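What's in coords16.cif: mmCIF, C-alpha atoms and all ligand atoms
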data_structure
loop_
_atom_site.label_atom_id
_atom_site.label_comp_id
_atom_site.auth_asym_id
_atom_site.auth_seq_id
_atom_site.Cartn_x
_atom_site.Cartn_y
_atom_site.Cartn_z
CA MET A 1 54.13 210.51 176.41
CA ASN A 2 53.50 214.02 177.63
CA LEU A 3 51.59 216.06 180.20
CA SER A 4 48.33 215.90 178.24
CA LEU A 5 45.25 215.02 180.27
CA ASN A 6 42.81 215.24 177.36
CA ASP A 7 39.64 213.14 177.88
CA ARG A 8 40.41 212.67 181.59
CA VAL A 9 38.23 213.77 184.47
CA ALA A 10 39.90 215.11 187.62
CA VAL A 11 38.33 215.80 191.01
CA VAL A 12 40.18 218.39 193.11
CA THR A 13 39.00 219.08 196.67
CA GLY A 14 39.75 222.34 198.46
CA ALA A 15 39.98 224.03 195.07
CA SER A 16 38.45 227.40 195.98
CA ARG A 17 41.83 228.96 196.76
CA GLY A 18 45.49 228.38 197.48
CA ILE A 19 47.14 225.13 196.40
CA GLY A 20 43.90 223.43 195.33
CA ARG A 21 42.93 226.29 193.03
CA ALA A 22 46.39 226.15 191.38
CA ILE A 23 46.08 222.37 190.97
CA ALA A 24 42.63 222.64 189.37
CA ILE A 25 43.86 225.30 186.95
CA ALA A 26 47.01 223.32 186.07
CA LEU A 27 45.10 220.08 185.40
CA ALA A 28 42.49 221.92 183.30
CA GLY A 29 45.30 223.68 181.42
CA SER A 30 46.57 220.25 180.36
CA GLY A 31 43.15 219.27 179.04
CA ALA A 32 41.44 217.59 182.01
CA THR A 33 37.79 218.23 182.78
CA VAL A 34 37.86 219.31 186.42
CA ALA A 35 35.32 218.90 189.22
CA VAL A 36 36.21 221.89 191.41
CA VAL A 37 35.19 221.06 194.98
CA ALA A 38 35.00 223.33 198.02
CA SER A 39 32.95 223.09 201.21
CA LYS A 40 30.31 225.38 199.63
CA ILE A 41 29.55 225.49 195.92
CA GLY A 42 29.69 229.31 196.00
CA ASN A 43 33.34 229.12 197.08
CA ALA A 44 34.22 226.78 194.20
CA GLU A 45 32.54 228.81 191.47
CA ALA A 46 35.29 231.42 190.99
CA THR A 47 37.89 228.73 190.22
CA ALA A 48 35.54 226.94 187.81
CA ALA A 49 34.80 230.27 186.12
CA ALA A 50 38.53 231.07 185.78
CA ILE A 51 39.03 227.70 184.07
CA THR A 52 36.13 228.05 181.64
CA GLU A 53 37.07 231.65 180.83
CA ALA A 54 40.53 230.36 179.84
CA GLY A 55 38.91 227.82 177.49
CA GLY A 56 39.02 224.81 179.85
CA LYS A 57 36.27 222.55 181.21
CA ALA A 58 35.17 222.69 184.84
CA ILE A 59 32.10 222.42 187.05
CA ALA A 60 31.88 223.65 190.66
CA PHE A 61 30.60 221.36 193.42
CA GLY A 62 29.98 221.95 197.13
CA CYS A 63 30.92 219.22 199.61
CA ASP A 64 32.18 219.18 203.18
CA VAL A 65 34.74 216.39 202.88
CA SER A 66 34.31 215.43 206.53
CA SER A 67 30.66 214.52 205.88
CA PRO A 68 30.01 210.97 204.60
CA SER A 69 26.54 211.86 203.29
CA GLU A 70 27.85 214.91 201.39
CA ILE A 71 30.59 212.77 199.84
CA THR A 72 28.06 210.18 198.67
CA ALA A 73 26.02 212.98 197.07
CA LEU A 74 29.16 214.49 195.52
CA ALA A 75 30.24 211.18 193.98
CA ASP A 76 26.75 210.63 192.53
CA ALA A 77 26.69 214.15 191.06
CA ILE A 78 30.18 213.91 189.54
CA VAL A 79 29.58 210.48 188.00
CA ALA A 80 26.22 211.72 186.64
CA ALA A 81 27.90 214.80 185.14
CA PHE A 82 31.05 213.21 183.66
CA GLY A 83 30.53 209.41 183.65
CA ARG A 84 34.08 208.73 184.82
CA VAL A 85 36.83 209.83 187.22
CA ASP A 86 40.51 209.34 186.36
CA VAL A 87 42.32 211.60 188.83
CA LEU A 88 41.39 212.27 192.47
CA VAL A 89 43.34 214.99 194.27
CA ASN A 90 42.64 215.06 198.01
CA ASN A 91 43.80 218.58 198.82
CA ALA A 92 41.14 219.98 201.22
CA GLY A 93 42.76 220.60 204.58
CA VAL A 94 42.53 222.68 207.73
CA THR A 95 44.63 223.56 210.77
CA ARG A 96 43.50 224.08 214.36
CA ASP A 97 46.87 224.69 216.01
CA GLY A 98 47.49 224.61 219.75
CA LEU A 99 49.71 223.00 222.31
CA LEU A 100 48.67 219.46 223.16
CA MET A 101 47.70 220.20 226.76
CA ARG A 102 45.25 222.86 225.60
CA MET A 103 44.04 221.20 222.40
CA SER A 104 40.31 220.53 222.48
CA GLU A 105 38.87 217.23 221.34
CA SER A 106 36.82 219.08 218.73
CA ASP A 107 39.97 220.70 217.25
CA TRP A 108 41.52 217.24 217.03
CA ASP A 109 38.39 215.79 215.40
CA THR A 110 37.92 218.64 212.90
CA VAL A 111 41.49 218.33 211.60
CA VAL A 112 41.58 214.52 211.47
CA ASP A 113 38.06 214.26 209.98
CA THR A 114 38.82 216.80 207.24
CA ASN A 115 42.42 215.95 206.37
CA LEU A 116 42.44 212.17 206.86
CA LYS A 117 38.93 210.73 207.05
CA GLY A 118 37.86 212.91 204.12
CA ALA A 119 40.57 211.36 201.92
CA PHE A 120 39.48 207.85 202.96
CA LEU A 121 35.83 208.60 202.19
CA LEU A 122 36.67 210.13 198.81
CA VAL A 123 38.97 207.32 197.67
CA LYS A 124 36.29 204.84 198.71
CA ALA A 125 33.51 206.78 196.97
CA PHE A 126 35.45 207.02 193.67
CA SER A 127 37.26 203.67 193.83
CA ARG A 128 35.05 201.99 191.21
CA GLN A 129 35.64 204.82 188.69
CA LEU A 130 39.37 204.96 189.43
CA LEU A 131 39.75 201.20 188.97
CA ARG A 132 37.88 201.37 185.64
CA SER A 133 40.17 204.14 184.37
CA PRO A 134 43.12 203.12 182.19
CA CYS A 135 45.17 205.84 183.92
CA GLY A 136 43.77 206.15 187.46
CA ARG A 137 45.55 208.43 189.90
CA VAL A 138 45.11 209.20 193.60
CA ILE A 139 47.16 212.19 194.71
CA ASN A 140 46.98 213.17 198.39
CA ILE A 141 48.32 216.51 199.57
CA ALA A 142 50.14 215.74 202.81
CA SER A 143 52.76 218.00 204.46
CA VAL A 144 56.32 217.97 205.73
CA ILE A 145 54.67 218.25 209.16
CA GLY A 146 53.31 214.72 208.59
CA GLN A 147 56.92 213.57 208.09
CA ASN A 148 58.66 215.58 210.85
CA GLY A 149 55.94 216.48 213.38
CA ASN A 150 55.66 219.99 214.85
CA ALA A 151 55.06 221.45 218.29
CA GLY A 152 51.58 222.98 218.37
CA GLN A 153 50.34 220.86 215.47
CA ALA A 154 49.84 217.38 216.95
CA ASN A 155 46.41 217.07 215.32
CA TYR A 156 47.63 218.28 211.91
CA ALA A 157 50.81 216.15 212.03
CA ALA A 158 48.79 213.05 212.94
CA SER A 159 46.35 213.70 210.10
CA LYS A 160 49.12 214.20 207.52
CA GLY A 161 51.28 211.33 208.80
CA GLY A 162 48.16 209.16 208.63
CA LEU A 163 47.49 210.40 205.11
CA ILE A 164 50.99 209.29 204.05
CA ALA A 165 50.46 205.79 205.51
CA PHE A 166 46.99 205.69 203.93
CA THR A 167 48.49 206.60 200.53
CA LYS A 168 51.00 203.75 200.70
CA SER A 169 48.25 201.27 201.60
CA VAL A 170 46.03 202.52 198.77
CA SER A 171 48.93 202.13 196.32
CA LYS A 172 49.26 198.47 197.36
CA GLU A 173 45.53 197.78 197.08
CA ILE A 174 44.89 199.36 193.69
CA GLY A 175 48.25 199.01 191.97
CA SER A 176 47.44 195.72 190.26
CA ARG A 177 44.84 197.60 188.19
CA GLY A 178 47.38 200.17 187.04
CA VAL A 179 46.15 202.91 189.39
CA THR A 180 48.86 204.86 191.20
CA ALA A 181 48.59 206.55 194.61
CA ASN A 182 51.12 209.12 195.76
CA ALA A 183 51.41 211.86 198.35
CA VAL A 184 52.84 215.32 197.81
CA ALA A 185 54.32 216.92 200.94
CA PRO A 186 54.56 220.70 200.62
CA GLY A 187 56.76 222.72 202.97
CA PHE A 188 55.97 226.40 203.46
CA ILE A 189 53.67 227.65 200.70
CA ALA A 190 52.25 231.19 200.70
CA THR A 191 48.45 230.79 201.05
CA ASP A 192 45.60 231.78 203.38
CA MET A 193 46.63 228.85 205.60
CA THR A 194 50.15 230.17 206.22
CA ASP A 195 48.86 233.76 206.52
CA LEU A 196 47.73 232.58 209.97
CA LEU A 197 51.41 232.38 211.05
CA THR A 198 53.18 235.32 212.67
CA PRO A 199 55.75 237.24 210.56
CA GLU A 200 58.47 235.74 212.81
CA GLN A 201 57.24 232.19 212.13
CA ARG A 202 57.11 232.90 208.38
CA ASP A 203 60.66 234.35 208.37
CA ALA A 204 61.97 231.29 210.24
CA MET A 205 60.38 228.94 207.66
CA VAL A 206 61.85 230.88 204.71
CA LYS A 207 65.30 230.94 206.38
CA GLY A 208 65.11 227.14 206.73
CA THR A 209 64.77 226.58 202.99
CA SER A 210 67.78 226.10 200.72
CA LEU A 211 66.16 228.25 198.06
CA GLY A 212 65.55 231.19 200.41
CA ARG A 213 61.91 231.71 199.53
CA ALA A 214 58.41 230.52 200.33
CA GLY A 215 56.87 228.15 197.81
CA THR A 216 53.97 229.17 195.60
CA PRO A 217 50.79 227.16 194.96
CA ASN A 218 52.08 226.60 191.41
CA ASP A 219 55.26 224.96 192.75
CA VAL A 220 53.00 222.26 194.21
CA ALA A 221 50.56 222.17 191.29
CA ASN A 222 53.39 221.44 188.82
CA VAL A 223 54.33 218.27 190.71
CA VAL A 224 50.70 217.19 190.94
CA LEU A 225 50.33 217.73 187.19
CA TRP A 226 53.35 215.50 186.54
CA LEU A 227 51.98 212.78 188.87
CA ALA A 228 48.61 212.92 187.11
CA SER A 229 50.20 212.53 183.68
CA ASP A 230 51.44 209.46 181.80
CA LEU A 231 55.00 210.58 182.58
CA ALA A 232 54.57 209.31 186.15
CA SER A 233 52.77 206.03 185.38
CA TYR A 234 55.46 203.92 187.14
CA VAL A 235 55.60 206.08 190.28
CA THR A 236 53.42 204.87 193.14
CA GLY A 237 53.37 204.75 196.93
CA GLN A 238 55.76 207.71 197.10
CA VAL A 239 55.89 210.92 199.11
CA ILE A 240 57.23 213.73 196.97
CA THR A 241 58.42 216.62 199.12
CA VAL A 242 58.02 220.08 197.60
CA ASP A 243 59.65 222.35 200.16
CA GLY A 244 62.57 224.26 198.63
CA GLY A 245 64.94 222.17 200.75
CA LEU A 246 63.26 222.96 204.10
CA ARG A 247 63.35 219.39 205.36
CA ILE A 248 66.93 218.38 204.45
P1 LIG B 1 43.89 227.12 202.19
O1 LIG B 1 44.32 228.26 201.35
O2 LIG B 1 43.46 227.35 203.59
O3 LIG B 1 42.72 226.36 201.39
C1 LIG B 1 42.10 225.25 201.97
C2 LIG B 1 41.11 224.67 201.00
O4 LIG B 1 40.48 223.54 201.63
C3 LIG B 1 40.00 225.64 200.64
O5 LIG B 1 39.69 225.47 199.27
C4 LIG B 1 38.85 225.18 201.51
O6 LIG B 1 37.59 225.39 200.90
C5 LIG B 1 39.08 223.70 201.55
N1 LIG B 1 38.43 223.06 202.69
C6 LIG B 1 38.70 223.24 204.01
N2 LIG B 1 37.87 222.47 204.74
C7 LIG B 1 37.08 221.80 203.86
C8 LIG B 1 36.04 220.86 204.01
N3 LIG B 1 35.63 220.44 205.22
N4 LIG B 1 35.42 220.39 202.90
C9 LIG B 1 35.82 220.80 201.68
N5 LIG B 1 36.80 221.69 201.47
C10 LIG B 1 37.41 222.18 202.57
O7 LIG B 1 45.02 225.99 202.28
P2 LIG B 1 46.28 225.67 201.35
O8 LIG B 1 47.47 226.28 201.98
O9 LIG B 1 45.97 225.92 199.93
O10 LIG B 1 46.40 224.11 201.64
C11 LIG B 1 45.92 223.11 200.74
C12 LIG B 1 46.41 221.75 201.23
O11 LIG B 1 47.84 221.77 201.28
C13 LIG B 1 45.93 221.40 202.63
O12 LIG B 1 45.66 220.02 202.71
C14 LIG B 1 47.13 221.74 203.49
O13 LIG B 1 47.16 220.99 204.68
C15 LIG B 1 48.27 221.38 202.56
N6 LIG B 1 49.53 222.04 202.89
C16 LIG B 1 49.65 223.38 202.84
C17 LIG B 1 50.88 223.97 203.13
C18 LIG B 1 51.11 225.46 203.11
O14 LIG B 1 52.23 225.89 203.45
N7 LIG B 1 50.17 226.27 202.66
C19 LIG B 1 51.97 223.17 203.50
C20 LIG B 1 51.80 221.80 203.56
C21 LIG B 1 50.57 221.24 203.23
P3 LIG B 1 36.51 226.52 201.37
O15 LIG B 1 36.63 227.57 200.34
O16 LIG B 1 35.25 225.81 201.29
O17 LIG B 1 36.90 226.97 202.74
#
Re-express the file's structure as structure tokens.
Ligand code: NAP
Amino acid sequence: MNLSLNDRVAVVTGASRGIGRAIAIALAGSGATVAVVASKIGNAEATAAAITEAGGKAIAFGCDVSSPSEITALADAIVAAFGRVDVLVNNAGVTRDGLLMRMSESDWDTVVDTNLKGAFLLVKAFSRQLLRSPCGRVINIASVIGQNGNAGQANYAASKGGLIAFTKSVSKEIGSRGVTANAVAPGFIATDMTDLLTPEQRDAMVKGTSLGRAGTPNDVANVVLWLASDLASYVTGQVITVDGGLRI
């Protein structure tokens, strides 16, 4: 038993940058063949190139995860290219922050459709492949905001809280076939997404951690790698918080 993912195929959404890019690189580094997905194929290509230049196996795909028709086309293309899918990492996510009274319906819909409906559509699209795999894994990237809520992020909190409940339901539906489903809930990770915060907001988040620092994309990717591996084959329906102690 080890972290080897040799002969496995992993799909990672939102892999053009930030946490998703680190996850794609970590899984490929352990031997997985990775479908690197971003909303546009051009955005995914740099991550796929970094993997192949390091000796790994990856192909870039473009897919807006909020679009059912694009997900159907993505699933067809990935199955045609690799013939199987063992690990699905639903990482693509967006924020459209604003106080509830001023939040537009379209900002609500964009966040929920990308962060929550996208995960539903992808699990559904790949369910046959995951159930056929001897080591199927669904790993959904949630957030501590989905556990605690946050003023100014009602749409994001609802999408991530929903993603946690969705993950638990998926684990119950597919567990009898040996497929696990877990959520990872990052705290404050330094990426383009958190660059949108003010310096004061960032300082407050760092001060709230026990470890006194922001997380890195690799801090999250390491936990995803463990969940994808045989080492975590009896872990399912869980939310693993990766937040440097922010939430305690
Ligand atoms: P990021 O740097 O903003 O990257 C977001 C990724 O999602 C990009 O690869 C982007 O691809 C992709 N994406 C966005 N909308 C998409 C769509 N409709 N279809 C396909 N791909 C789409 O964000 P991040 O900080 O790495 O966050 C990654 C995940 O972790 C998100 O789910 C986020 O909610 C979660 N998270 C982050 C933090 C944090 O502190 N950073 C904390 C908790 C949870 P394009 O290149 O195509 O734009």
Give as a PDB file with C-alpha atoms, in the coordinates of the input the residues surrounding ligand LIG 1 (chain B) up to a distance of 7 Å, considering all atoms listed in the file.
ATOM      1  CA  THR A  13      39.000 219.080 196.670  1.00  0.00           C
ATOM      2  CA  GLY A  14      39.750 222.340 198.460  1.00  0.00           C
ATOM      3  CA  ALA A  15      39.980 224.030 195.070  1.00  0.00           C
ATOM      4  CA  SER A  16      38.450 227.400 195.980  1.00  0.00           C
ATOM      5  CA  ARG A  17      41.830 228.960 196.760  1.00  0.00           C
ATOM      6  CA  GLY A  18      45.490 228.380 197.480  1.00  0.00           C
ATOM      7  CA  ILE A  19      47.140 225.130 196.400  1.00  0.00           C
ATOM      8  CA  GLY A  20      43.900 223.430 195.330  1.00  0.00           C
ATOM      9  CA  VAL A  37      35.190 221.060 194.980  1.00  0.00           C
ATOM     10  CA  ALA A  38      35.000 223.330 198.020  1.00  0.00           C
ATOM     11  CA  SER A  39      32.950 223.090 201.210  1.00  0.00           C
ATOM     12  CA  LYS A  40      30.310 225.380 199.630  1.00  0.00           C
ATOM     13  CA  ASN A  43      33.340 229.120 197.080  1.00  0.00           C
ATOM     14  CA  ALA A  44      34.220 226.780 194.200  1.00  0.00           C
ATOM     15  CA  CYS A  63      30.920 219.220 199.610  1.00  0.00           C
ATOM     16  CA  ASP A  64      32.180 219.180 203.180  1.00  0.00           C
ATOM     17  CA  VAL A  65      34.740 216.390 202.880  1.00  0.00           C
ATOM     18  CA  SER A  66      34.310 215.430 206.530  1.00  0.00           C
ATOM     19  CA  ASN A  91      43.800 218.580 198.820  1.00  0.00           C
ATOM     20  CA  ALA A  92      41.140 219.980 201.220  1.00  0.00           C
ATOM     21  CA  GLY A  93      42.760 220.600 204.580  1.00  0.00           C
ATOM     22  CA  VAL A  94      42.530 222.680 207.730  1.00  0.00           C
ATOM     23  CA  THR A 114      38.820 216.800 207.240  1.00  0.00           C
ATOM     24  CA  ASN A 115      42.420 215.950 206.370  1.00  0.00           C
ATOM     25  CA  ILE A 141      48.320 216.510 199.570  1.00  0.00           C
ATOM     26  CA  ALA A 142      50.140 215.740 202.810  1.00  0.00           C
ATOM     27  CA  SER A 143      52.760 218.000 204.460  1.00  0.00           C
ATOM     28  CA  VAL A 144      56.320 217.970 205.730  1.00  0.00           C
ATOM     29  CA  ALA A 185      54.320 216.920 200.940  1.00  0.00           C
ATOM     30  CA  PRO A 186      54.560 220.700 200.620  1.00  0.00           C
ATOM     31  CA  GLY A 187      56.760 222.720 202.970  1.00  0.00           C
ATOM     32  CA  PHE A 188      55.970 226.400 203.460  1.00  0.00           C
ATOM     33  CA  ILE A 189      53.670 227.650 200.700  1.00  0.00           C
ATOM     34  CA  ALA A 190      52.250 231.190 200.700  1.00  0.00           C
ATOM     35  CA  THR A 191      48.450 230.790 201.050  1.00  0.00           C
ATOM     36  CA  ASP A 192      45.600 231.780 203.380  1.00  0.00           C
ATOM     37  CA  MET A 193      46.630 228.850 205.600  1.00  0.00           C
ATOM     38  CA  THR A 194      50.150 230.170 206.220  1.00  0.00           C
TER      39      THR A 194
END
What would the list of residues within 7 Å of (42.2, 202.5, 197.0) (file frame) look like as a list of chain:residue names, if all atoms listed in the file are what count? A:Val123, A:Lys124, A:Ser127, A:Val170, A:Ser171, A:Glu173, A:Ile174
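Once A:Thr209 and its same-chain neighbours fewer than 2 positions away are set aside, A:Gly187, A:Phe188, A:Met205, A:Val206, A:Lys207, A:Leu211, A:Gly212, A:Arg213, A:Ala214, A:Asp243, A:Gly244, A:Gly245, A:Leu246, A:Arg247, A:Ile248 remain within 9 Å of it when counting all atoms listed in the file.
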Let me see the file: selected residues, C-alpha atoms, as an mmCIF file, in the frame of the given file.
data_model
loop_
_atom_site.group_PDB
_atom_site.id
_atom_site.type_symbol
_atom_site.label_atom_id
_atom_site.label_comp_id
_atom_site.auth_asym_id
_atom_site.auth_seq_id
_atom_site.Cartn_x
_atom_site.Cartn_y
_atom_site.Cartn_z
ATOM 1 C CA GLY A 187 56.760 222.720 202.970
ATOM 2 C CA PHE A 188 55.970 226.400 203.460
ATOM 3 C CA MET A 205 60.380 228.940 207.660
ATOM 4 C CA VAL A 206 61.850 230.880 204.710
ATOM 5 C CA LYS A 207 65.300 230.940 206.380
ATOM 6 C CA LEU A 211 66.160 228.250 198.060
ATOM 7 C CA GLY A 212 65.550 231.190 200.410
ATOM 8 C CA ARG A 213 61.910 231.710 199.530
ATOM 9 C CA ALA A 214 58.410 230.520 200.330
ATOM 10 C CA ASP A 243 59.650 222.350 200.160
ATOM 11 C CA GLY A 244 62.570 224.260 198.630
ATOM 12 C CA GLY A 245 64.940 222.170 200.750
ATOM 13 C CA LEU A 246 63.260 222.960 204.100
ATOM 14 C CA ARG A 247 63.350 219.390 205.360
ATOM 15 C CA ILE A 248 66.930 218.380 204.450
#
I want to know what sits within 7 Å of A:Ser229, based on all atoms listed in the file, with residues of the same chain fewer than 2 positions away left out; could you give that as a PyMOL selection string? chain A and resi 3-5+225-227+231-232
Point out the residue among A:Val11, A:Ile139, A:Ala228, A:Ile240 with the least atom-to-atom distance to A:Val85, counting all atoms listed in the file.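 Result for the nearest residue to A:Val85: A:Val11.
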Calculated over only C-alpha atoms, which of the candidates A:Ala35, A:Leu122, A:Arg96, A:Leu131 has the smallest distance to A:Thr72?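 Using only C-alpha atoms, A:Thr72 sits closest to A:Leu122.
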Any idea what the distance is between atom CA of A:Thr236 and atom CA of A:Ala10?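 Answer for the atom CA of A:Thr236 to atom CA of A:Ala10 separation: 17.8 Å.
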Between A:Ala46, A:Leu116, A:Val9, A:Ala165, single out the one closest to A:Ala28, counting only C-alpha atoms.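 Between A:Ala46, A:Leu116, A:Val9, A:Ala165, the residue approaching A:Ala28 most closely is A:Val9.
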Between atom CA of A:Val239 and atom CA of A:Ala183, what is the spacing in Å?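 Taking atom CA of A:Ala183 and atom CA of A:Val239, their separation equals 4.6 Å.
Among the candidates A:Val36, A:Phe120, A:Leu27, A:Thr110, the residue lying nearest to A:Ile78 is A:Val36 (atoms considered: only C-alpha atoms).
Reported to one decimal place, the separation of atom CA of A:Asp76 from atom CA of A:Ala58 is 16.6 Å.
Using all atoms listed in the file, the shortest contact distance between A:Ala119 and any of A:Ile23, A:Val138, A:Leu197, A:Val179 is found at A:Val138.
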What's around A:Gly98 at 12 Å? Count only C-alpha atoms, leave out sequence neighbours fewer than 6 positions away in its own chain, and write the answer as a PyMOL selection string. chain A and resi 104-105+107-108+111+150-157
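Proximity ranking of A:Ile51, A:Gly42, A:Lys57, A:Leu74 relative to A:Asn6 places A:Lys57 first, based on only C-alpha atoms.
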